[in-house]
Structure formats: C-alpha cells, structure tokens
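Shown below: start.txt, with compact mmCIF, C-alpha atoms and all ligand atoms.
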# COMPACT_ATOMS: atom_id res chain seq x y z
CA MET A 174 0.00 0.00 0.00
CA ALA A 175 1.39 3.41 -0.94
CA PHE A 176 1.28 6.22 1.55
CA ALA A 177 1.45 9.92 0.86
CA ASP A 178 3.21 12.25 3.25
CA ASN A 179 1.24 13.01 6.36
CA ILE A 180 -1.09 15.92 5.84
CA SER A 181 -2.47 18.56 8.18
CA CYS A 182 -6.23 18.83 8.34
CA PRO A 183 -7.23 22.23 6.88
CA ALA A 184 -10.12 22.43 9.36
CA CYS A 185 -8.49 21.57 12.72
CA GLY A 186 -4.77 21.67 11.83
CA VAL A 187 -4.02 18.28 13.39
CA ALA A 188 -1.77 15.93 11.40
CA VAL A 189 -3.59 13.10 9.63
CA GLU A 190 -1.25 10.12 9.40
CA SER A 191 -1.04 7.18 6.99
CA VAL A 192 -3.10 8.73 4.22
CA SER A 193 -3.05 6.40 1.21
CA ALA A 194 -1.53 7.97 -1.92
CA HIS A 195 -4.84 7.23 -3.69
CA THR A 196 -6.88 9.33 -1.27
CA ARG A 197 -8.35 12.56 -2.60
CA SER A 198 -11.22 12.94 -0.08
CA MET A 199 -11.60 11.78 3.49
CA GLN A 200 -13.21 12.40 6.83
CA CYS A 201 -10.69 13.91 9.26
CA PRO A 202 -10.31 11.35 12.08
CA HIS A 203 -9.79 14.20 14.58
CA CYS A 204 -12.52 16.77 13.88
CA GLY A 205 -14.85 14.79 11.61
CA ASN A 206 -14.86 17.40 8.84
CA TRP A 207 -14.82 16.21 5.24
CA ILE A 208 -11.59 17.28 3.52
CA TYR A 209 -10.65 17.00 -0.16
CA LEU A 210 -7.66 17.60 -2.42
CA SER A 211 -8.04 20.17 -5.20
CA GLY A 212 -5.51 22.02 -7.34
CA SER A 213 -4.86 24.38 -4.43
CA GLY A 214 -4.18 21.65 -1.88
CA TRP A 215 -6.33 20.17 0.87
CA SER A 216 -9.55 22.08 1.65
CA SER A 217 -12.29 21.55 4.18
CA ALA A 218 -15.84 21.01 2.96
CA GLY A 219 -17.27 21.16 6.47
CA SER A 220 -19.32 18.51 8.18
CA PHE A 221 -20.71 15.81 5.90
CA THR A 222 -22.30 12.67 7.25
CA HIS A 223 -24.00 10.06 5.15
CA ALA A 224 -27.71 9.49 5.22
CA LEU A 225 -29.34 7.01 7.56
CA ASP A 226 -28.76 3.47 6.50
CA ALA A 227 -30.71 0.66 5.16
CA PRO A 228 -28.87 -2.43 6.47
CA SER A 229 -25.81 -3.42 4.43
CA MET A 230 -23.24 -6.18 4.79
CA LEU A 231 -20.62 -3.51 4.09
CA ARG A 232 -19.22 -0.94 6.49
CA VAL A 233 -16.10 1.20 6.51
CA GLY A 234 -13.23 -0.67 8.17
CA ARG A 235 -14.68 -4.12 7.56
CA SER A 236 -12.23 -6.60 6.06
CA GLY A 237 -12.75 -9.89 4.32
CA VAL A 238 -12.02 -11.90 1.22
CA LEU A 239 -13.61 -11.81 -2.22
CA SER A 240 -13.56 -15.08 -4.12
CA GLY A 241 -15.45 -16.58 -7.05
CA THR A 242 -14.62 -13.84 -9.57
CA ALA A 243 -12.26 -14.30 -12.54
CA GLU A 244 -9.39 -13.48 -10.19
CA ARG A 245 -7.99 -15.57 -7.36
CA PRO A 246 -9.41 -14.89 -3.87
CA ARG A 247 -8.27 -11.49 -2.64
CA ASN A 248 -8.22 -9.95 0.84
CA LEU A 249 -9.72 -6.50 1.09
CA THR A 250 -10.73 -3.70 3.45
CA VAL A 251 -13.65 -1.34 2.95
CA ALA A 252 -11.93 2.07 2.87
CA GLY A 253 -14.84 4.43 2.23
CA ARG A 254 -18.23 4.93 0.74
CA LEU A 255 -20.38 7.51 -0.91
CA ARG A 256 -24.13 7.74 -1.22
CA LEU A 257 -25.82 9.05 -4.34
CA THR A 258 -29.46 10.09 -4.47
CA TYR A 259 -31.67 10.75 -7.47
CA ASP A 260 -35.40 11.14 -8.14
CA GLY A 261 -36.00 7.38 -7.95
CA GLY A 262 -34.04 6.65 -4.78
CA TYR A 263 -30.41 6.12 -3.86
CA TRP A 264 -27.45 3.79 -4.16
CA ASP A 265 -24.09 3.43 -2.43
CA GLU A 266 -20.58 3.08 -3.81
CA TRP A 267 -17.98 1.43 -1.61
CA TRP A 268 -14.24 1.91 -2.15
CA LEU A 269 -12.49 -1.41 -1.64
CA GLU A 270 -8.79 -1.55 -0.90
CA PHE A 271 -7.28 -4.92 -1.83
CA GLU A 272 -4.24 -6.41 -0.14
CA ASP A 273 -2.47 -6.67 -3.53
CA GLY A 274 -2.50 -2.85 -3.80
CA ASN A 275 -5.44 -2.63 -6.20
CA HIS A 276 -8.62 -0.67 -5.51
CA GLN A 277 -12.11 -1.12 -6.92
CA TRP A 278 -15.51 0.47 -6.51
CA LEU A 279 -18.36 -1.79 -5.46
CA GLU A 280 -21.80 -0.43 -6.30
CA GLU A 281 -24.65 -1.53 -4.02
CA ASP A 282 -28.23 -0.94 -5.07
CA ASP A 283 -30.98 -2.61 -3.06
CA GLY A 284 -28.96 -5.78 -2.37
CA ARG A 285 -27.51 -5.99 -5.88
CA TYR A 286 -23.79 -5.53 -6.44
CA ARG A 287 -21.61 -4.46 -9.35
CA LEU A 288 -17.82 -4.56 -9.10
CA HIS A 289 -16.12 -1.84 -11.14
CA SER A 290 -12.68 -2.14 -12.73
CA PRO A 291 -11.02 1.16 -13.57
CA VAL A 292 -10.38 1.99 -17.23
CA SER A 293 -7.75 4.63 -17.94
CA LEU A 294 -9.57 6.78 -20.46
CA SER A 295 -9.81 10.53 -20.04
CA ALA A 296 -12.89 12.62 -20.73
CA ASP A 297 -13.48 16.34 -20.98
CA LEU A 298 -15.55 17.38 -17.97
CA ALA A 299 -17.49 20.09 -19.83
CA GLN A 300 -18.41 17.62 -22.59
CA VAL A 301 -19.57 15.08 -20.02
CA LYS A 302 -21.80 17.61 -18.28
CA ALA A 303 -23.39 18.61 -21.62
CA ALA A 304 -23.76 15.04 -22.92
CA GLY A 305 -27.24 13.70 -23.69
CA VAL A 306 -28.59 10.22 -24.39
CA GLY A 307 -28.14 9.33 -28.08
CA SER A 308 -25.18 11.66 -28.54
CA GLN A 309 -21.54 10.66 -28.57
CA LEU A 310 -18.70 11.30 -26.17
CA LEU A 311 -15.03 11.33 -27.10
CA LEU A 312 -12.71 9.41 -24.76
CA ASP A 313 -9.07 9.38 -25.89
CA ASN A 314 -9.79 9.62 -29.64
CA LYS A 315 -12.65 7.13 -29.64
CA ASN A 316 -16.34 7.98 -29.74
CA TRP A 317 -18.75 6.25 -27.37
CA PHE A 318 -22.53 6.31 -27.60
CA ILE A 319 -24.36 7.52 -24.52
CA THR A 320 -27.10 5.00 -23.77
CA GLU A 321 -28.16 6.33 -20.38
CA ARG A 322 -27.70 9.45 -18.28
CA LEU A 323 -28.61 9.90 -14.63
CA ASP A 324 -28.02 13.05 -12.63
CA ALA A 325 -27.44 12.26 -8.99
CA THR A 326 -26.52 14.25 -5.88
CA LEU A 327 -23.80 13.27 -3.47
CA ALA A 328 -25.81 12.91 -0.28
CA GLY A 329 -23.11 11.58 2.01
CA SER A 330 -19.73 9.95 2.34
CA GLU A 331 -17.41 8.45 4.92
CA GLY A 332 -13.93 6.98 5.23
CA ALA A 333 -11.36 7.72 2.53
CA LEU A 334 -12.06 8.03 -1.20
CA PRO A 335 -9.98 8.31 -4.39
CA ILE A 336 -11.96 11.24 -5.79
CA ALA A 337 -12.12 14.87 -4.71
CA ILE A 338 -15.75 15.47 -3.75
CA GLN A 339 -17.74 17.95 -1.73
CA PRO A 340 -21.13 17.74 0.01
CA ASN A 341 -24.19 17.94 -2.23
CA GLU A 342 -22.13 17.94 -5.38
CA LYS A 343 -23.96 16.99 -8.59
CA ILE A 344 -22.70 13.74 -10.09
CA THR A 345 -23.34 12.93 -13.75
CA CYS A 346 -23.56 9.18 -14.40
CA LEU A 347 -23.38 7.92 -17.99
CA ASP A 348 -23.61 4.46 -19.55
CA LEU A 349 -21.50 4.27 -22.69
CA MET A 350 -21.41 1.77 -25.55
CA GLY A 351 -18.77 1.38 -28.25
CA SER A 352 -17.74 -1.60 -30.42
CA GLY A 353 -19.92 -3.91 -28.35
CA GLU A 354 -18.24 -2.81 -25.13
CA LYS A 355 -20.00 -1.10 -22.21
CA LEU A 356 -18.47 1.45 -19.88
CA SER A 357 -19.72 3.47 -16.92
CA LEU A 358 -18.67 7.06 -16.34
CA GLU A 359 -19.19 9.21 -13.27
CA ALA A 360 -18.24 12.87 -13.09
CA GLY A 361 -18.34 15.29 -10.19
CA SER A 362 -17.07 18.86 -10.39
CA LEU A 363 -13.38 17.90 -10.24
CA ASP A 364 -13.00 14.24 -11.21
CA VAL A 365 -14.17 11.87 -13.94
CA THR A 366 -14.05 8.11 -13.33
CA VAL A 367 -14.44 5.59 -16.16
CA SER A 368 -14.91 1.90 -15.42
CA ARG A 369 -16.09 -1.45 -16.66
CA SER A 370 -18.42 -3.32 -14.33
CA GLU A 371 -19.66 -6.84 -13.67
CA LYS A 372 -22.56 -8.10 -11.57
CA ILE A 373 -21.42 -10.12 -8.59
CA ALA A 374 -23.30 -11.88 -5.79
CA GLY A 375 -22.94 -10.50 -2.28
CA SER A 376 -22.32 -14.08 -1.11
CA LEU A 377 -18.88 -13.97 -2.80
CA PHE A 378 -17.66 -11.87 0.16
CA LYS A 379 -16.63 -13.61 3.36
CA TRP A 380 -16.04 -11.19 6.23
CA HIS A 381 -13.36 -11.42 8.96
CA ASN A 382 -14.86 -8.83 11.31
ZN ZN B 1 -9.62 17.91 11.26
What would the structure in this file look like if it were written as structure tokens?
Amino acid sequence: MAFADNISCPACGVAVESVSAHTRSMQCPHCGNWIYLSGSGWSSAGSFTHALDAPSMLRVGRSGVLSGTAERPRNLTVAGRLRLTYDGGYWDEWWLEFEDGNHQWLEEDDGRYRLHSPVSLSADLAQVKAAGVGSQLLLDNKNWFITERLDATLAGSEGALPIAIQPNEKITCLDLMGSGEKLSLEAGSLDVTVSRSEKIAGSLFKWHN
C-alpha cells in the first residue's frame, strides 16, 4: 500500500497520518470534517455525514475476502463509501482496498452488487456535463454512444475516497457503448471516473470482522 506524506487537516490543523496515496477525499479522524484535495491543496468542505442506513453487509473498516470472480481470492478492506441520491431513490458506492495494492468500486443498489474495474480513459468534464442520451462522447480519440444518463446528488460519504468530492455535489452518471463494449462514467465537479463493471453476488464476500 502506498502512503502519501502526512497531511495537516485544513479544518483543525491536526496531522492526519497514513493517508493512502490514492486518497483525494476523506473524513478527518480528529474533527470529523470532510476534507478534499483540489488544485490548491487540501480544503475543508465542512461537516458531511452520510444518510441514515438501510442495512448493508458492508461498512467502513470491515475486512474480508472476495472469491469466485475471474481473479484468485483477494483480501480487502472497505476504505470508504459515498451515497448518491436521485429522483427514484439512492445507491451506495464502496471503495475497496485490496491487499495486492489494487482498488475497486463496489456499487450496491438494493442488495444488488456491481464490481467496477477502472479503465484509464480521459474525458473532458465540460463535454460530459453537456452530454445527452443518443449523442456521442469522445474518450481518448474514440467515440462512445451515450445509452443512459442519470443526474445524482452526493448525499453523504465516509472513510477515505480516491476522488475529490464535496457535500451535495452533482454527479453525472453515464452508460457508454462502443464496439460492443460497455463502460460506466461518473463525473463530479473535479473528477471523472471511467470503469467497466460486472454483476457479482454478495455471497462472494466472506467477512473477517
Ligand atoms: Zn480535522
């Protein structure tokens, strides 16, 4: 696991130790404020707690093993989560930190799970925000058709996350299709994440704690 230098919380000034080099947003363990990394360094976004829970098998800090996917069984820890709301309800995205140094998002929607694998394609944020269903989006010289768009609001988060996000930020979620391949894209005000996802059963996780 890679660690960045220790940082000082911009809200309370206390040093935050052992921050993973992937982390771009986190809850300060000392004052509880949500802090995020932007071009001008670490900033405080104030207090930001996630909405009340429906029961989930996942929780920040829980560790276990994921087996039964295309990869060999892998140990993991749940590092953080965010909650997205939209007109029709909400879903959660959990940031899983694997022992082998890899990270993946796990989407949880009413007991159904999708495991996301990152794809390193870059998108123009302004184009993403303007993109409509049926139009095309350029990712690294290739056009992708937009098959679905959902505008969600970041309603809560906890733990540590790999994206710089702030409370109540609008998140644009797109489903993309190109050459028979499907991708998911999520864009906040600072970061765009592109991934490929697969459905997995919750029973593939065995928890240690
Ligand atoms: Zn603090």
When the cut-off is 10 Å and you count only C-alpha atoms and all ligand atoms, which residues lie near ligand ZN 1 (chain B), shown as a PDB file with C-alpha atoms, in the frame of the given file?
ATOM      1  CA  SER A 181      -2.470  18.560   8.180  1.00  0.00           C
ATOM      2  CA  CYS A 182      -6.230  18.830   8.340  1.00  0.00           C
ATOM      3  CA  PRO A 183      -7.230  22.230   6.880  1.00  0.00           C
ATOM      4  CA  ALA A 184     -10.120  22.430   9.360  1.00  0.00           C
ATOM      5  CA  CYS A 185      -8.490  21.570  12.720  1.00  0.00           C
ATOM      6  CA  GLY A 186      -4.770  21.670  11.830  1.00  0.00           C
ATOM      7  CA  VAL A 187      -4.020  18.280  13.390  1.00  0.00           C
ATOM      8  CA  ALA A 188      -1.770  15.930  11.400  1.00  0.00           C
ATOM      9  CA  VAL A 189      -3.590  13.100   9.630  1.00  0.00           C
ATOM     10  CA  GLN A 200     -13.210  12.400   6.830  1.00  0.00           C
ATOM     11  CA  CYS A 201     -10.690  13.910   9.260  1.00  0.00           C
ATOM     12  CA  PRO A 202     -10.310  11.350  12.080  1.00  0.00           C
ATOM     13  CA  HIS A 203      -9.790  14.200  14.580  1.00  0.00           C
ATOM     14  CA  CYS A 204     -12.520  16.770  13.880  1.00  0.00           C
ATOM     15  CA  GLY A 205     -14.850  14.790  11.610  1.00  0.00           C
ATOM     16  CA  ASN A 206     -14.860  17.400   8.840  1.00  0.00           C
ATOM     17  CA  TRP A 207     -14.820  16.210   5.240  1.00  0.00           C
ATOM     18  CA  ILE A 208     -11.590  17.280   3.520  1.00  0.00           C
ATOM     19  CA  SER A 217     -12.290  21.550   4.180  1.00  0.00           C
ATOM     20  CA  GLY A 219     -17.270  21.160   6.470  1.00  0.00           C
TER      21      GLY A 219
END
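The smallest atom-to-atom distance between Asp282 of chain A and any of A:Val306, A:Leu294, A:Ala333, A:Leu257, using all atoms listed in the file, is found for A:Leu257.
Around segment 341-345 of chain A, within 8 Å and counting only C-alpha atoms, the residues found are Val301, Lys302, Arg322, Leu323, Asp324, Ala325, Thr326, Leu327, Ala328, Gly329, Ile338, Leu358, Glu359, Ala360, Gly361 and Ser362 of chain A, once anything fewer than 3 positions away on its own chain is removed.
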Could you jot down the atom CA of Ala218 of chain A to atom CA of Gln339 of chain A separation for me, Å, one decimal place? 5.9 Å
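Shortest separation to Ser193 of chain A among A:Leu349, A:Leu239, A:Ile180, A:Val233 occurs at residue A:Ile180, atoms counted being all atoms listed in the file.
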Quick one: residues within 8 Å of Ile319 of chain A, all atoms listed in the file counted, chain neighbours fewer than 5 positions away excluded, as a PyMOL selection string? chain A and resi 304-310+347-350
Selected residues, C-alpha atoms, written as a compact mmCIF listing (two decimals), keeping the file's coordinate frame, please.
# COMPACT_ATOMS: atom_id res chain seq x y z
CA ALA A 304 -23.76 15.04 -22.92
CA GLY A 305 -27.24 13.70 -23.69
CA VAL A 306 -28.59 10.22 -24.39
CA GLY A 307 -28.14 9.33 -28.08
CA SER A 308 -25.18 11.66 -28.54
CA GLN A 309 -21.54 10.66 -28.57
CA LEU A 310 -18.70 11.30 -26.17
CA LEU A 347 -23.38 7.92 -17.99
CA ASP A 348 -23.61 4.46 -19.55
CA LEU A 349 -21.50 4.27 -22.69
CA MET A 350 -21.41 1.77 -25.55
If you measure from atom CA of Gly214 of chain A to atom CA of Arg256 of chain A, what distance in Å do you get, rounded to one decimal? 24.3 Å
